[in-house]
file work_21.pdb (PDB, C-alpha atoms and all ligand atoms)
ATOM      1  CA  MET A  17      35.346  47.799  60.993
ATOM      2  CA  GLY A  18      34.574  44.574  62.794
ATOM      3  CA  GLU A  19      31.264  42.927  63.530
ATOM      4  CA  ILE A  20      29.251  41.661  66.474
ATOM      5  CA  LEU A  21      27.784  38.178  66.755
ATOM      6  CA  VAL A  22      25.197  37.893  69.496
ATOM      7  CA  MET A  23      24.593  34.369  70.721
ATOM      8  CA  GLY A  24      23.037  32.459  73.600
ATOM      9  CA  ALA A  25      24.462  29.748  75.837
ATOM     10  CA  GLY A  26      21.055  28.240  76.600
ATOM     11  CA  LEU A  27      20.595  27.508  80.301
ATOM     12  CA  LEU A  28      22.720  24.409  80.868
ATOM     13  CA  GLY A  29      26.179  25.511  79.815
ATOM     14  CA  SER A  30      27.946  23.283  77.316
ATOM     15  CA  HIS A  31      24.919  20.972  77.186
ATOM     16  CA  HIS A  32      22.838  23.719  75.564
ATOM     17  CA  LEU A  33      25.438  25.301  73.256
ATOM     18  CA  THR A  34      24.618  24.740  69.591
ATOM     19  CA  LEU A  35      27.384  23.629  67.226
ATOM     20  CA  GLU A  36      26.929  26.931  65.366
ATOM     21  CA  THR A  37      27.537  28.876  68.594
ATOM     22  CA  VAL A  38      30.580  26.760  69.493
ATOM     23  CA  GLU A  39      32.128  27.555  66.092
ATOM     24  CA  ALA A  40      31.329  31.258  66.392
ATOM     25  CA  VAL A  41      32.841  31.508  69.901
ATOM     26  CA  ALA A  42      35.969  29.642  68.807
ATOM     27  CA  SER A  43      36.543  31.854  65.758
ATOM     28  CA  ALA A  44      35.852  35.267  67.393
ATOM     29  CA  ASP A  45      38.700  37.723  68.079
ATOM     30  CA  VAL A  46      37.279  38.337  71.533
ATOM     31  CA  VAL A  47      34.340  36.948  73.546
ATOM     32  CA  TYR A  48      32.327  39.007  76.053
ATOM     33  CA  HIS A  49      29.585  37.344  78.026
ATOM     34  CA  LEU A  50      26.830  37.683  80.616
ATOM     35  CA  VAL A  51      26.832  33.974  81.417
ATOM     36  CA  THR A  52      26.490  32.991  85.081
ATOM     37  CA  GLY A  53      26.847  29.175  85.370
ATOM     38  CA  MET A  54      30.419  28.111  86.246
ATOM     39  CA  GLU A  55      30.503  25.229  83.800
ATOM     40  CA  ALA A  56      29.189  27.440  80.985
ATOM     41  CA  GLU A  57      31.934  29.999  81.659
ATOM     42  CA  GLN A  58      34.617  27.293  81.717
ATOM     43  CA  ARG A  59      33.393  25.931  78.394
ATOM     44  CA  LEU A  60      33.644  29.374  76.780
ATOM     45  CA  ARG A  61      37.242  29.664  78.064
ATOM     46  CA  GLN A  62      38.091  26.252  76.595
ATOM     47  CA  LEU A  63      36.764  27.391  73.239
ATOM     48  CA  ASN A  64      38.539  30.744  73.160
ATOM     49  CA  PRO A  65      41.311  32.104  75.432
ATOM     50  CA  ARG A  66      40.087  35.712  75.018
ATOM     51  CA  VAL A  67      36.888  35.405  77.122
ATOM     52  CA  PHE A  68      35.777  38.234  79.431
ATOM     53  CA  SER A  69      32.730  38.564  81.682
ATOM     54  CA  LEU A  70      30.570  41.692  81.515
ATOM     55  CA  VAL A  71      28.586  40.677  84.626
ATOM     56  CA  GLY A  72      30.441  43.450  86.500
ATOM     57  CA  PHE A  73      28.418  45.991  84.478
ATOM     58  CA  TYR A  74      25.350  44.903  86.491
ATOM     59  CA  ARG A  75      25.676  46.750  89.775
ATOM     60  CA  ASP A  76      22.860  46.728  92.291
ATOM     61  CA  GLY A  77      21.342  50.188  92.550
ATOM     62  CA  ASP A  78      22.002  51.117  88.898
ATOM     63  CA  LEU A  79      19.142  51.699  86.474
ATOM     64  CA  ASP A  80      18.922  48.740  84.058
ATOM     65  CA  LEU A  81      18.547  50.944  80.948
ATOM     66  CA  GLU A  82      21.786  52.761  81.801
ATOM     67  CA  VAL A  83      23.596  49.436  82.280
ATOM     68  CA  TYR A  84      22.358  48.187  78.885
ATOM     69  CA  GLY A  85      23.542  51.447  77.298
ATOM     70  CA  ARG A  86      27.019  51.012  78.810
ATOM     71  CA  ILE A  87      27.265  47.392  77.624
ATOM     72  CA  VAL A  88      26.174  48.311  74.103
ATOM     73  CA  SER A  89      28.587  51.280  73.876
ATOM     74  CA  PHE A  90      31.432  49.047  75.080
ATOM     75  CA  LEU A  91      30.703  46.311  72.516
ATOM     76  CA  LEU A  92      30.323  48.801  69.651
ATOM     77  CA  ALA A  93      33.662  50.401  70.557
ATOM     78  CA  GLN A  94      35.343  46.970  70.426
ATOM     79  CA  ALA A  95      33.887  46.208  67.010
ATOM     80  CA  MET A  96      34.790  49.697  65.705
ATOM     81  CA  ALA A  97      38.414  48.847  66.543
ATOM     82  CA  GLY A  98      38.109  46.148  63.871
ATOM     83  CA  LEU A  99      37.429  43.118  66.070
ATOM     84  CA  ARG A 100      35.060  40.246  65.370
ATOM     85  CA  VAL A 101      33.250  40.368  68.706
ATOM     86  CA  ALA A 102      31.191  37.510  70.164
ATOM     87  CA  PHE A 103      28.649  38.528  72.806
ATOM     88  CA  VAL A 104      27.210  35.545  74.697
ATOM     89  CA  VAL A 105      24.132  35.796  76.953
ATOM     90  CA  MET A 106      21.983  33.287  78.821
ATOM     91  CA  GLY A 107      19.180  31.537  76.957
ATOM     92  CA  HIS A 108      18.204  32.885  73.536
ATOM     93  CA  PRO A 109      19.845  36.212  72.641
ATOM     94  CA  SER A 110      16.647  37.836  71.302
ATOM     95  CA  ILE A 111      14.383  36.806  74.182
ATOM     96  CA  TYR A 112      14.269  39.416  76.956
ATOM     97  CA  VAL A 113      17.806  40.643  76.274
ATOM     98  CA  ALA A 114      17.612  44.421  75.768
ATOM     99  CA  PRO A 115      21.296  44.807  74.691
ATOM    100  CA  THR A 116      20.633  42.532  71.694
ATOM    101  CA  HIS A 117      17.899  44.808  70.410
ATOM    102  CA  LEU A 118      19.916  47.961  71.157
ATOM    103  CA  LEU A 119      22.850  46.507  69.205
ATOM    104  CA  LEU A 120      20.566  45.723  66.264
ATOM    105  CA  GLU A 121      19.292  49.315  66.366
ATOM    106  CA  HIS A 122      22.594  51.157  66.878
ATOM    107  CA  GLY A 123      25.176  48.840  65.233
ATOM    108  CA  PRO A 124      24.262  49.756  61.630
ATOM    109  CA  ARG A 125      24.432  53.504  62.494
ATOM    110  CA  TYR A 126      28.123  53.016  63.288
ATOM    111  CA  GLY A 127      28.695  50.708  60.322
ATOM    112  CA  ILE A 128      28.865  47.619  62.540
ATOM    113  CA  PRO A 129      27.007  44.549  61.249
ATOM    114  CA  VAL A 130      25.204  42.713  64.050
ATOM    115  CA  HIS A 131      24.220  39.054  63.593
ATOM    116  CA  ILE A 132      22.021  37.047  65.952
ATOM    117  CA  LEU A 133      22.432  33.288  66.284
ATOM    118  CA  PRO A 134      19.489  31.195  67.531
ATOM    119  CA  ALA A 135      19.780  29.360  70.862
ATOM    120  CA  LEU A 136      17.790  27.483  73.498
ATOM    121  CA  SER A 137      15.710  29.729  75.741
ATOM    122  CA  SER A 138      14.303  29.225  79.233
ATOM    123  CA  ILE A 139      11.007  28.949  77.317
ATOM    124  CA  ASP A 140      12.267  25.692  75.768
ATOM    125  CA  THR A 141      13.117  24.198  79.158
ATOM    126  CA  ILE A 142       9.895  25.385  80.812
ATOM    127  CA  LEU A 143       7.819  23.882  77.980
ATOM    128  CA  SER A 144       9.626  20.561  78.318
ATOM    129  CA  TRP A 145       8.318  20.439  81.909
ATOM    130  CA  MET A 146       4.755  21.363  81.030
ATOM    131  CA  PRO A 147       2.069  18.722  80.505
ATOM    132  CA  PHE A 148       0.095  20.658  77.873
ATOM    133  CA  ASP A 149       0.505  20.895  74.094
ATOM    134  CA  ILE A 150       0.692  24.532  72.980
ATOM    135  CA  ALA A 151      -0.806  23.494  69.646
ATOM    136  CA  ASN A 152      -4.064  22.975  71.603
ATOM    137  CA  THR A 153      -3.749  25.643  74.257
ATOM    138  CA  GLY A 154      -1.608  28.387  72.729
ATOM    139  CA  LEU A 155       0.844  30.228  74.979
ATOM    140  CA  GLN A 156       1.068  33.809  76.235
ATOM    141  CA  ILE A 157       4.416  35.271  77.273
ATOM    142  CA  LEU A 158       4.302  38.676  78.949
ATOM    143  CA  ASP A 159       6.744  40.852  80.863
ATOM    144  CA  SER A 160       5.635  41.504  84.459
ATOM    145  CA  ASN A 161       6.219  45.270  84.406
ATOM    146  CA  ARG A 162       4.768  45.876  80.949
ATOM    147  CA  LEU A 163       1.744  43.702  81.781
ATOM    148  CA  VAL A 164       0.750  46.214  84.474
ATOM    149  CA  SER A 165       2.113  49.419  82.848
ATOM    150  CA  TYR A 166       0.336  48.749  79.543
ATOM    151  CA  GLY A 167      -2.775  47.248  81.144
ATOM    152  CA  LEU A 168      -2.497  44.150  78.950
ATOM    153  CA  VAL A 169      -5.446  41.781  79.110
ATOM    154  CA  PRO A 170      -4.417  38.130  79.593
ATOM    155  CA  MET A 171      -6.516  35.517  77.789
ATOM    156  CA  ARG A 172      -7.972  33.337  80.551
ATOM    157  CA  ASN A 173      -8.108  30.256  78.306
ATOM    158  CA  VAL A 174      -4.434  30.368  77.272
ATOM    159  CA  PRO A 175      -1.528  29.431  79.629
ATOM    160  CA  LEU A 176       0.545  32.463  80.628
ATOM    161  CA  LEU A 177       4.259  32.798  81.364
ATOM    162  CA  VAL A 178       5.118  36.058  83.152
ATOM    163  CA  PHE A 179       8.793  36.872  82.700
ATOM    164  CA  GLN A 180      11.032  39.029  84.869
ATOM    165  CA  VAL A 181       8.980  38.817  88.067
ATOM    166  CA  GLY A 182      12.275  39.173  89.996
ATOM    167  CA  CYS A 183      12.565  42.790  88.867
ATOM    168  CA  PHE A 184       8.870  43.601  89.166
ATOM    169  CA  GLY A 185       8.113  47.166  90.223
ATOM    170  CA  SER A 186      11.454  48.838  89.493
ATOM    171  CA  GLY A 187      14.059  49.340  86.779
ATOM    172  CA  PHE A 188      16.763  49.638  89.448
ATOM    173  CA  ILE A 189      18.862  46.497  89.716
ATOM    174  CA  THR A 190      18.429  44.445  92.921
ATOM    175  CA  ARG A 191      20.079  41.177  91.857
ATOM    176  CA  GLN A 192      22.034  40.484  95.038
ATOM    177  CA  LEU A 193      19.250  41.426  97.473
ATOM    178  CA  GLN A 194      16.437  39.212  98.663
ATOM    179  CA  ASN A 195      13.040  40.546  97.666
ATOM    180  CA  ALA A 196      10.493  41.711 100.216
ATOM    181  CA  PRO A 197       7.578  39.249 100.674
ATOM    182  CA  ASP A 198       5.049  41.750  99.240
ATOM    183  CA  ARG A 199       7.097  42.815  96.185
ATOM    184  CA  LEU A 200       4.622  41.083  93.853
ATOM    185  CA  ARG A 201       1.446  42.363  95.539
ATOM    186  CA  PRO A 202       0.624  44.946  92.796
ATOM    187  CA  LEU A 203       1.142  42.241  90.144
ATOM    188  CA  VAL A 204      -1.196  39.909  92.047
ATOM    189  CA  ASP A 205      -3.767  42.706  92.472
ATOM    190  CA  TYR A 206      -3.638  43.212  88.708
ATOM    191  CA  LEU A 207      -4.028  39.492  87.919
ATOM    192  CA  LEU A 208      -6.905  39.119  90.414
ATOM    193  CA  ALA A 209      -9.061  41.061  87.932
ATOM    194  CA  TYR A 210      -8.740  38.049  85.601
ATOM    195  CA  TYR A 211      -8.138  35.000  87.833
ATOM    196  CA  PRO A 212      -9.583  33.946  91.224
ATOM    197  CA  GLY A 213      -7.417  34.152  94.351
ATOM    198  CA  GLU A 214      -7.405  30.352  94.661
ATOM    199  CA  HIS A 215      -6.087  29.943  91.077
ATOM    200  CA  PRO A 216      -2.939  27.737  91.155
ATOM    201  CA  VAL A 217       0.256  29.381  89.922
ATOM    202  CA  GLU A 218       3.878  28.291  89.915
ATOM    203  CA  LEU A 219       7.229  30.023  90.361
ATOM    204  CA  ILE A 220       9.739  28.271  88.120
ATOM    205  CA  GLU A 221      13.530  28.298  88.035
ATOM    206  CA  CYS A 222      14.978  25.797  85.575
ATOM    207  CA  GLU A 223      18.358  24.273  86.297
ATOM    208  CA  MET A 224      21.215  26.431  85.007
ATOM    209  CA  GLY A 225      24.198  24.322  86.043
ATOM    210  CA  TRP A 226      26.010  24.667  89.350
ATOM    211  CA  PRO A 227      25.259  26.693  91.504
ATOM    212  CA  HIS A 228      21.753  27.273  90.011
ATOM    213  CA  ARG A 229      19.511  24.328  90.844
ATOM    214  CA  ALA A 230      15.944  23.790  89.594
ATOM    215  CA  VAL A 231      13.260  25.207  91.908
ATOM    216  CA  ARG A 232       9.461  25.032  91.624
ATOM    217  CA  HIS A 233       7.040  26.610  94.083
ATOM    218  CA  ARG A 234       3.352  25.800  93.633
ATOM    219  CA  LEU A 235       1.002  28.224  95.374
ATOM    220  CA  THR A 236      -2.242  30.082  94.865
ATOM    221  CA  LEU A 237      -2.432  33.490  93.221
ATOM    222  CA  ALA A 238      -3.492  34.994  96.572
ATOM    223  CA  GLU A 239      -0.451  33.424  98.303
ATOM    224  CA  LEU A 240       1.821  34.948  95.667
ATOM    225  CA  ALA A 241       1.036  38.410  97.084
ATOM    226  CA  THR A 242       3.178  37.580 100.155
ATOM    227  CA  SER A 243       5.761  35.338  98.428
ATOM    228  CA  GLY A 244       8.053  37.909  96.810
ATOM    229  CA  HIS A 245      10.998  36.517  98.802
ATOM    230  CA  LEU A 246      10.748  33.323  96.694
ATOM    231  CA  VAL A 247      11.578  35.055  93.396
ATOM    232  CA  ASN A 248      14.895  36.141  91.924
ATOM    233  CA  TYR A 249      16.229  37.293  88.543
ATOM    234  CA  ASN A 250      15.861  33.756  87.103
ATOM    235  CA  THR A 251      12.254  33.169  88.152
ATOM    236  CA  THR A 252       9.338  32.876  85.705
ATOM    237  CA  LEU A 253       5.723  32.870  86.901
ATOM    238  CA  PHE A 254       3.462  30.274  85.292
ATOM    239  CA  VAL A 255      -0.280  30.944  85.340
ATOM    240  CA  PRO A 256      -2.310  28.001  83.957
ATOM    241  CA  GLN A 257      -5.469  28.700  81.991
ATOM    242  CA  ALA A 258      -8.555  29.385  84.104
ATOM    243  CA  GLU A 259     -10.987  27.961  81.555
ATOM    244  CA  PRO A 260     -10.609  25.497  78.652
ATOM    245  CA  VAL A 261     -10.678  26.532  75.022
ATOM    246  CA  SER A 262     -13.853  25.575  73.178
ATOM    247  CA  ILE A 263     -14.903  25.434  69.549
ATOM    248  CA  ARG A 264     -16.545  28.739  68.608
ATOM    249  CA  ASP A 265     -16.703  28.127  64.837
ATOM    250  CA  PRO A 266     -18.036  24.587  64.367
ATOM    251  CA  ALA A 267     -18.387  24.968  60.566
ATOM    252  CA  PHE A 268     -14.701  25.867  60.177
ATOM    253  CA  HIS A 269     -13.680  23.147  62.631
ATOM    254  CA  ALA A 270     -15.636  20.492  60.717
ATOM    255  CA  ARG A 271     -13.843  21.410  57.486
ATOM    256  CA  LEU A 272     -10.462  20.528  59.062
ATOM    257  CA  VAL A 273     -11.339  16.820  58.806
ATOM    258  CA  ALA A 274     -13.491  16.972  55.643
ATOM    259  CA  PRO A 275     -11.614  15.424  52.665
ATOM    260  CA  GLU A 276     -13.546  17.529  50.129
ATOM    261  CA  ALA A 277     -12.506  20.778  51.848
ATOM    262  CA  VAL A 278      -8.815  20.345  51.121
ATOM    263  CA  SER A 279      -9.141  20.437  47.308
ATOM    264  CA  SER A 280      -9.993  24.146  47.275
ATOM    265  CA  LEU A 281      -6.917  24.968  49.430
ATOM    266  CA  VAL A 282      -4.189  23.706  47.096
ATOM    267  CA  GLN A 283      -3.374  23.797  43.413
ATOM    268  CA  ALA A 284      -3.569  20.677  41.282
ATOM    269  CA  PRO A 285      -0.081  19.122  40.851
ATOM    270  CA  PRO A 286       1.354  19.776  37.354
ATOM    271  CA  THR A 287       0.751  16.794  35.056
ATOM    272  CA  HIS A 288       3.753  15.299  33.273
ATOM    273  CA  GLY A 289       4.525  17.296  30.095
ATOM    274  CA  SER A 290       2.382  20.221  31.206
ATOM    275  CA  GLN A 291       3.318  23.808  30.465
ATOM    276  CA  ALA A 292       5.229  24.090  33.755
ATOM    277  CA  ASP A 293       7.708  21.376  32.610
ATOM    278  CA  ASN A 294       7.777  22.505  28.998
ATOM    279  CA  PRO A 295      10.273  25.262  28.204
ATOM    280  CA  GLY A 296       8.162  26.095  25.091
ATOM    281  CA  PRO A 297       9.227  26.432  21.468
ATOM    282  CA  ALA A 298      12.746  27.710  20.796
ATOM    283  CA  ARG A 299      12.714  31.235  19.341
TER     284      ARG A 299
HETATM  285  C1  LIG A 301      16.928  38.818  81.121
HETATM  286  S1  LIG A 301      15.739  37.571  80.781
HETATM  287  C2  LIG A 301      16.748  36.460  79.837
HETATM  288  C3  LIG A 301      15.975  35.370  79.147
HETATM  289  C4  LIG A 301      16.875  34.465  78.314
HETATM  290  N1  LIG A 301      17.461  35.197  77.231
HETATM  291  C5  LIG A 301      16.125  33.264  77.767
HETATM  292  O1  LIG A 301      16.038  33.093  76.544
HETATM  293  O2  LIG A 301      15.665  32.454  78.568
HETATM  294  C6  LIG A 301      15.583  36.830  82.322
HETATM  295  C7  LIG A 301      14.205  36.221  82.511
HETATM  296  O3  LIG A 301      14.149  34.979  81.799
HETATM  297  C8  LIG A 301      13.494  33.990  82.580
HETATM  298  N2  LIG A 301      14.510  33.019  82.991
HETATM  299  C9  LIG A 301      15.844  33.118  82.898
HETATM  300  N3  LIG A 301      16.451  32.034  83.408
HETATM  301  C10 LIG A 301      15.473  31.219  83.836
HETATM  302  C11 LIG A 301      15.455  29.948  84.456
HETATM  303  N4  LIG A 301      16.570  29.307  84.771
HETATM  304  N5  LIG A 301      14.261  29.394  84.746
HETATM  305  C12 LIG A 301      13.102  30.023  84.453
HETATM  306  N6  LIG A 301      13.060  31.216  83.868
HETATM  307  C13 LIG A 301      14.220  31.826  83.557
HETATM  308  C14 LIG A 301      12.947  34.722  83.821
HETATM  309  O4  LIG A 301      11.632  35.166  83.531
HETATM  310  C15 LIG A 301      13.912  35.874  83.948
HETATM  311  O5  LIG A 301      13.353  36.966  84.643
END

call {"tool": "encode", "arguments": {"input": "work_21.pdb", "output": "structure tokens", "more": "lines below"}}
Ligand SMILES: C[S@@+](CC[C@H](N)C(=O)[O-])C[C@H]1O[C@@H](n2cnc3c(N)ncnc32)[C@H](O)[C@@H]1O
result
Amino acid sequence: MGEILVMGAGLLGSHHLTLETVEAVASADVVYHLVTGMEAEQRLRQLNPRVFSLVGFYRDGDLDLEVYGRIVSFLLAQAMAGLRVAFVVMGHPSIYVAPTHLLLEHGPRYGIPVHILPALSSIDTILSWMPFDIANTGLQILDSNRLVSYGLVPMRNVPLLVFQVGCFGSGFITRQLQNAPDRLRPLVDYLLAYYPGEHPVELIECEMGWPHRAVRHRLTLAELATSGHLVNYNTTLFVPQAEPVSIRDPAFHARLVAPEAVSSLVQAPPTHGSQADNPGPAR
């Protein structure tokens, strides 16, 4: 029995590969990937001659869940033949990558160990563009379809990233097709219950190496209802907070800067020669 290592190429090809991922790609028996940037693909081929793209599994018109099932079955079959399989995806392998989670679920049932290596996500790049500090503001990350299906309630005072707006409204794959202008209208209608129509939002595509250039569209939430043609499978919707956070528990907040408050939160350091250092009498 082999094993499967799931890893991410970040967004910017070789510039975002971690040293751990480089080593894992180089030492794998075979490398399968869903990487789209040309430079990223070339780098994988330099690291290992047995590199194969699985992008062909994604055919427009297919249901995404069926595609994920086919990819996972294929990878498990490779590992069951005794191979050490590397599976490389864009960004971080655990973030919005259904095959990763299916492999974690099904691999052990077939005796295949599945290991996940950390990587840079689109979240990392988006945050490096953002002027706010998530320590102060917090951050919400929601999937566009689940947001509406589950009726999730966004917090108006916390910035929101809505992922997968390019496949909003359907599980059928439409990667190669341009979206209709009103594809996002039901998403906008949903968000209008929480934000005003004039609320500024942004469609963000971070650079992914040639041919994927960085794109940012700033518009109002109302304008988004007729801007579906501006989104694709790499677009994330950013919704800034509609109201600032405020201190609701002043007593707790005051304790954060009160020197006397800290003493009850920690244990006294052991004094030299205390029981903790002393192995006790020999028996
Ligand atoms: C299938 S998920 C993969 C996410 C990836 N694993 C990651 O860690 O970034 C695709 C979604 O990630 C976000 N995404 C991927 N590439 C992006 C990019 N270049 N810029 C902004 N968001 C991106 C979008 O929300 C897109 O719909």

call {"tool": "closest_residue", "arguments": {"input": "work_21.pdb", "among": "A:Pro175, A:Gly26, A:Pro197, A:Pro109", "to": "Leu133 of chain A", "atoms": "all atoms listed in the file"}}
result
A:Pro109

call {"tool": "closest_residue", "arguments": {"input": "work_21.pdb", "among": "A:Ala102, A:Val71, A:Leu21, A:Ile142", "to": "Phe179 of chain A", "atoms": "all atoms listed in the file"}}
result
A:Ile142

call {"tool": "residues_around", "arguments": {"input": "work_21.pdb", "residues": "Leu219 of chain A", "least_positions_apart": "6", "cutoff": "7 Å", "atoms": "only C-alpha atoms", "output": "short mmCIF file (atom, residue, chain, number, x, y, z; two decimals) with C-alpha atoms, in the coordinates of the input"}}
result
data_model
loop_
_atom_site.label_atom_id
_atom_site.label_comp_id
_atom_site.auth_asym_id
_atom_site.auth_seq_id
_atom_site.Cartn_x
_atom_site.Cartn_y
_atom_site.Cartn_z
CA ARG A 232 9.46 25.03 91.62
CA HIS A 233 7.04 26.61 94.08
CA ARG A 234 3.35 25.80 93.63
CA THR A 251 12.25 33.17 88.15
CA THR A 252 9.34 32.88 85.70
CA LEU A 253 5.72 32.87 86.90
CA PHE A 254 3.46 30.27 85.29
#

call {"tool": "resolve_selection", "arguments": {"input": "work_21.pdb", "expression": "the PyMOL selection byres (((not hetatm)) within 10 of (chain A and resi 301))", "output": "count of residues only"}}
result
60

call {"tool": "resolve_selection", "arguments": {"input": "work_21.pdb", "expression": "the PyMOL selection byres (((chain A and resi 87) around 12) and not hetatm)", "output": "VMD selection string"}}
result
chain A and resid 48 to 50 69 to 74 80 to 86 88 to 94 103 113 to 116 118 to 119

call {"tool": "atom_distance", "arguments": {"input": "work_21.pdb", "atom1": "atom CA of Phe188 of chain A", "atom2": "atom CA of Leu168 of chain A"}}
result
22.6 Å

call {"tool": "atom_distance", "arguments": {"input": "work_21.pdb", "atom1": "atom CA of Arg66 of chain A", "atom2": "atom CA of Ala97 of chain A"}}
result
15.7 Å

call {"tool": "atom_distance", "arguments": {"input": "work_21.pdb", "atom1": "atom CA of Leu237 of chain A", "atom2": "atom CA of Gly213 of chain A"}}
result
5.2 Å

call {"tool": "residues_around", "arguments": {"input": "work_21.pdb", "residues": "Asn152 of chain A", "least_positions_apart": "2", "cutoff": "12 Å", "atoms": "only C-alpha atoms", "output": "ChimeraX atom specification"}}
result
/A:147-150,154-155,173-175,257,260-263

call {"tool": "axis_aligned_box", "arguments": {"input": "work_21.pdb", "around": "segment 240-250 of chain A", "padding_each_side": "8 Å", "output": "AutoDock Vina command-line options"}}
result
--center_x 8.6 --center_y 35.9 --center_z 93.6 --size_x 31.2 --size_y 21.1 --size_z 29.1

call {"tool": "residues_around", "arguments": {"input": "work_21.pdb", "residues": "Ile128 of chain A", "least_positions_apart": "5", "cutoff": "7 Å", "atoms": "only C-alpha atoms", "output": "count of residues only"}}
result
5

call {"tool": "decode", "arguments": {"input": "work_21.pdb", "residues": "segment 48-99 of chain A", "atoms": "C-alpha atoms", "output": "PDB file, in the first residue's frame"}}
result
ATOM      1  CA  TYR A  48      -0.962  14.598  -9.960  1.00  0.00           C
ATOM      2  CA  HIS A  49      -2.102  18.185  -9.874  1.00  0.00           C
ATOM      3  CA  LEU A  50      -4.919  20.677 -10.403  1.00  0.00           C
ATOM      4  CA  VAL A  51      -2.538  23.601 -10.831  1.00  0.00           C
ATOM      5  CA  THR A  52      -3.374  26.132 -13.552  1.00  0.00           C
ATOM      6  CA  GLY A  53      -0.521  28.699 -13.764  1.00  0.00           C
ATOM      7  CA  MET A  54       2.028  27.819 -16.481  1.00  0.00           C
ATOM      8  CA  GLU A  55       5.049  28.655 -14.368  1.00  0.00           C
ATOM      9  CA  ALA A  56       3.715  26.592 -11.452  1.00  0.00           C
ATOM     10  CA  GLU A  57       3.241  23.583 -13.744  1.00  0.00           C
ATOM     11  CA  GLN A  58       6.749  23.967 -15.184  1.00  0.00           C
ATOM     12  CA  ARG A  59       8.227  24.093 -11.692  1.00  0.00           C
ATOM     13  CA  LEU A  60       6.486  20.841 -10.733  1.00  0.00           C
ATOM     14  CA  ARG A  61       7.926  19.196 -13.879  1.00  0.00           C
ATOM     15  CA  GLN A  62      11.422  20.410 -12.971  1.00  0.00           C
ATOM     16  CA  LEU A  63      11.049  18.850  -9.544  1.00  0.00           C
ATOM     17  CA  ASN A  64       9.708  15.497 -10.710  1.00  0.00           C
ATOM     18  CA  PRO A  65       9.528  14.025 -14.245  1.00  0.00           C
ATOM     19  CA  ARG A  66       6.360  12.034 -13.417  1.00  0.00           C
ATOM     20  CA  VAL A  67       3.927  15.001 -13.255  1.00  0.00           C
ATOM     21  CA  PHE A  68       0.389  14.719 -14.658  1.00  0.00           C
ATOM     22  CA  SER A  69      -2.468  17.227 -14.742  1.00  0.00           C
ATOM     23  CA  LEU A  70      -5.932  16.207 -13.544  1.00  0.00           C
ATOM     24  CA  VAL A  71      -7.510  19.435 -14.861  1.00  0.00           C
ATOM     25  CA  GLY A  72      -9.101  17.323 -17.626  1.00  0.00           C
ATOM     26  CA  PHE A  73     -11.383  15.790 -14.964  1.00  0.00           C
ATOM     27  CA  TYR A  74     -13.144  19.183 -14.756  1.00  0.00           C
ATOM     28  CA  ARG A  75     -15.485  19.211 -17.725  1.00  0.00           C
ATOM     29  CA  ASP A  76     -18.050  21.952 -18.137  1.00  0.00           C
ATOM     30  CA  GLY A  77     -21.531  20.533 -17.676  1.00  0.00           C
ATOM     31  CA  ASP A  78     -20.473  17.866 -15.147  1.00  0.00           C
ATOM     32  CA  LEU A  79     -21.688  17.977 -11.555  1.00  0.00           C
ATOM     33  CA  ASP A  80     -18.802  19.051  -9.285  1.00  0.00           C
ATOM     34  CA  LEU A  81     -19.470  16.331  -6.673  1.00  0.00           C
ATOM     35  CA  GLU A  82     -19.184  13.636  -9.353  1.00  0.00           C
ATOM     36  CA  VAL A  83     -15.899  15.131 -10.591  1.00  0.00           C
ATOM     37  CA  TYR A  84     -14.484  15.154  -7.039  1.00  0.00           C
ATOM     38  CA  GLY A  85     -15.554  11.516  -6.632  1.00  0.00           C
ATOM     39  CA  ARG A  86     -13.746  10.542  -9.849  1.00  0.00           C
ATOM     40  CA  ILE A  87     -10.559  12.367  -8.810  1.00  0.00           C
ATOM     41  CA  VAL A  88     -10.574  10.752  -5.372  1.00  0.00           C
ATOM     42  CA  SER A  89     -11.208   7.238  -6.764  1.00  0.00           C
ATOM     43  CA  PHE A  90      -8.365   7.724  -9.256  1.00  0.00           C
ATOM     44  CA  LEU A  91      -5.884   8.864  -6.585  1.00  0.00           C
ATOM     45  CA  LEU A  92      -6.852   6.060  -4.187  1.00  0.00           C
ATOM     46  CA  ALA A  93      -6.370   3.483  -6.955  1.00  0.00           C
ATOM     47  CA  GLN A  94      -2.861   4.848  -7.615  1.00  0.00           C
ATOM     48  CA  ALA A  95      -1.917   4.647  -3.949  1.00  0.00           C
ATOM     49  CA  MET A  96      -3.421   1.137  -3.623  1.00  0.00           C
ATOM     50  CA  ALA A  97      -0.981   0.062  -6.352  1.00  0.00           C
ATOM     51  CA  GLY A  98       1.762   0.888  -3.841  1.00  0.00           C
ATOM     52  CA  LEU A  99       2.739   4.360  -5.051  1.00  0.00           C
TER      53      LEU A  99
END
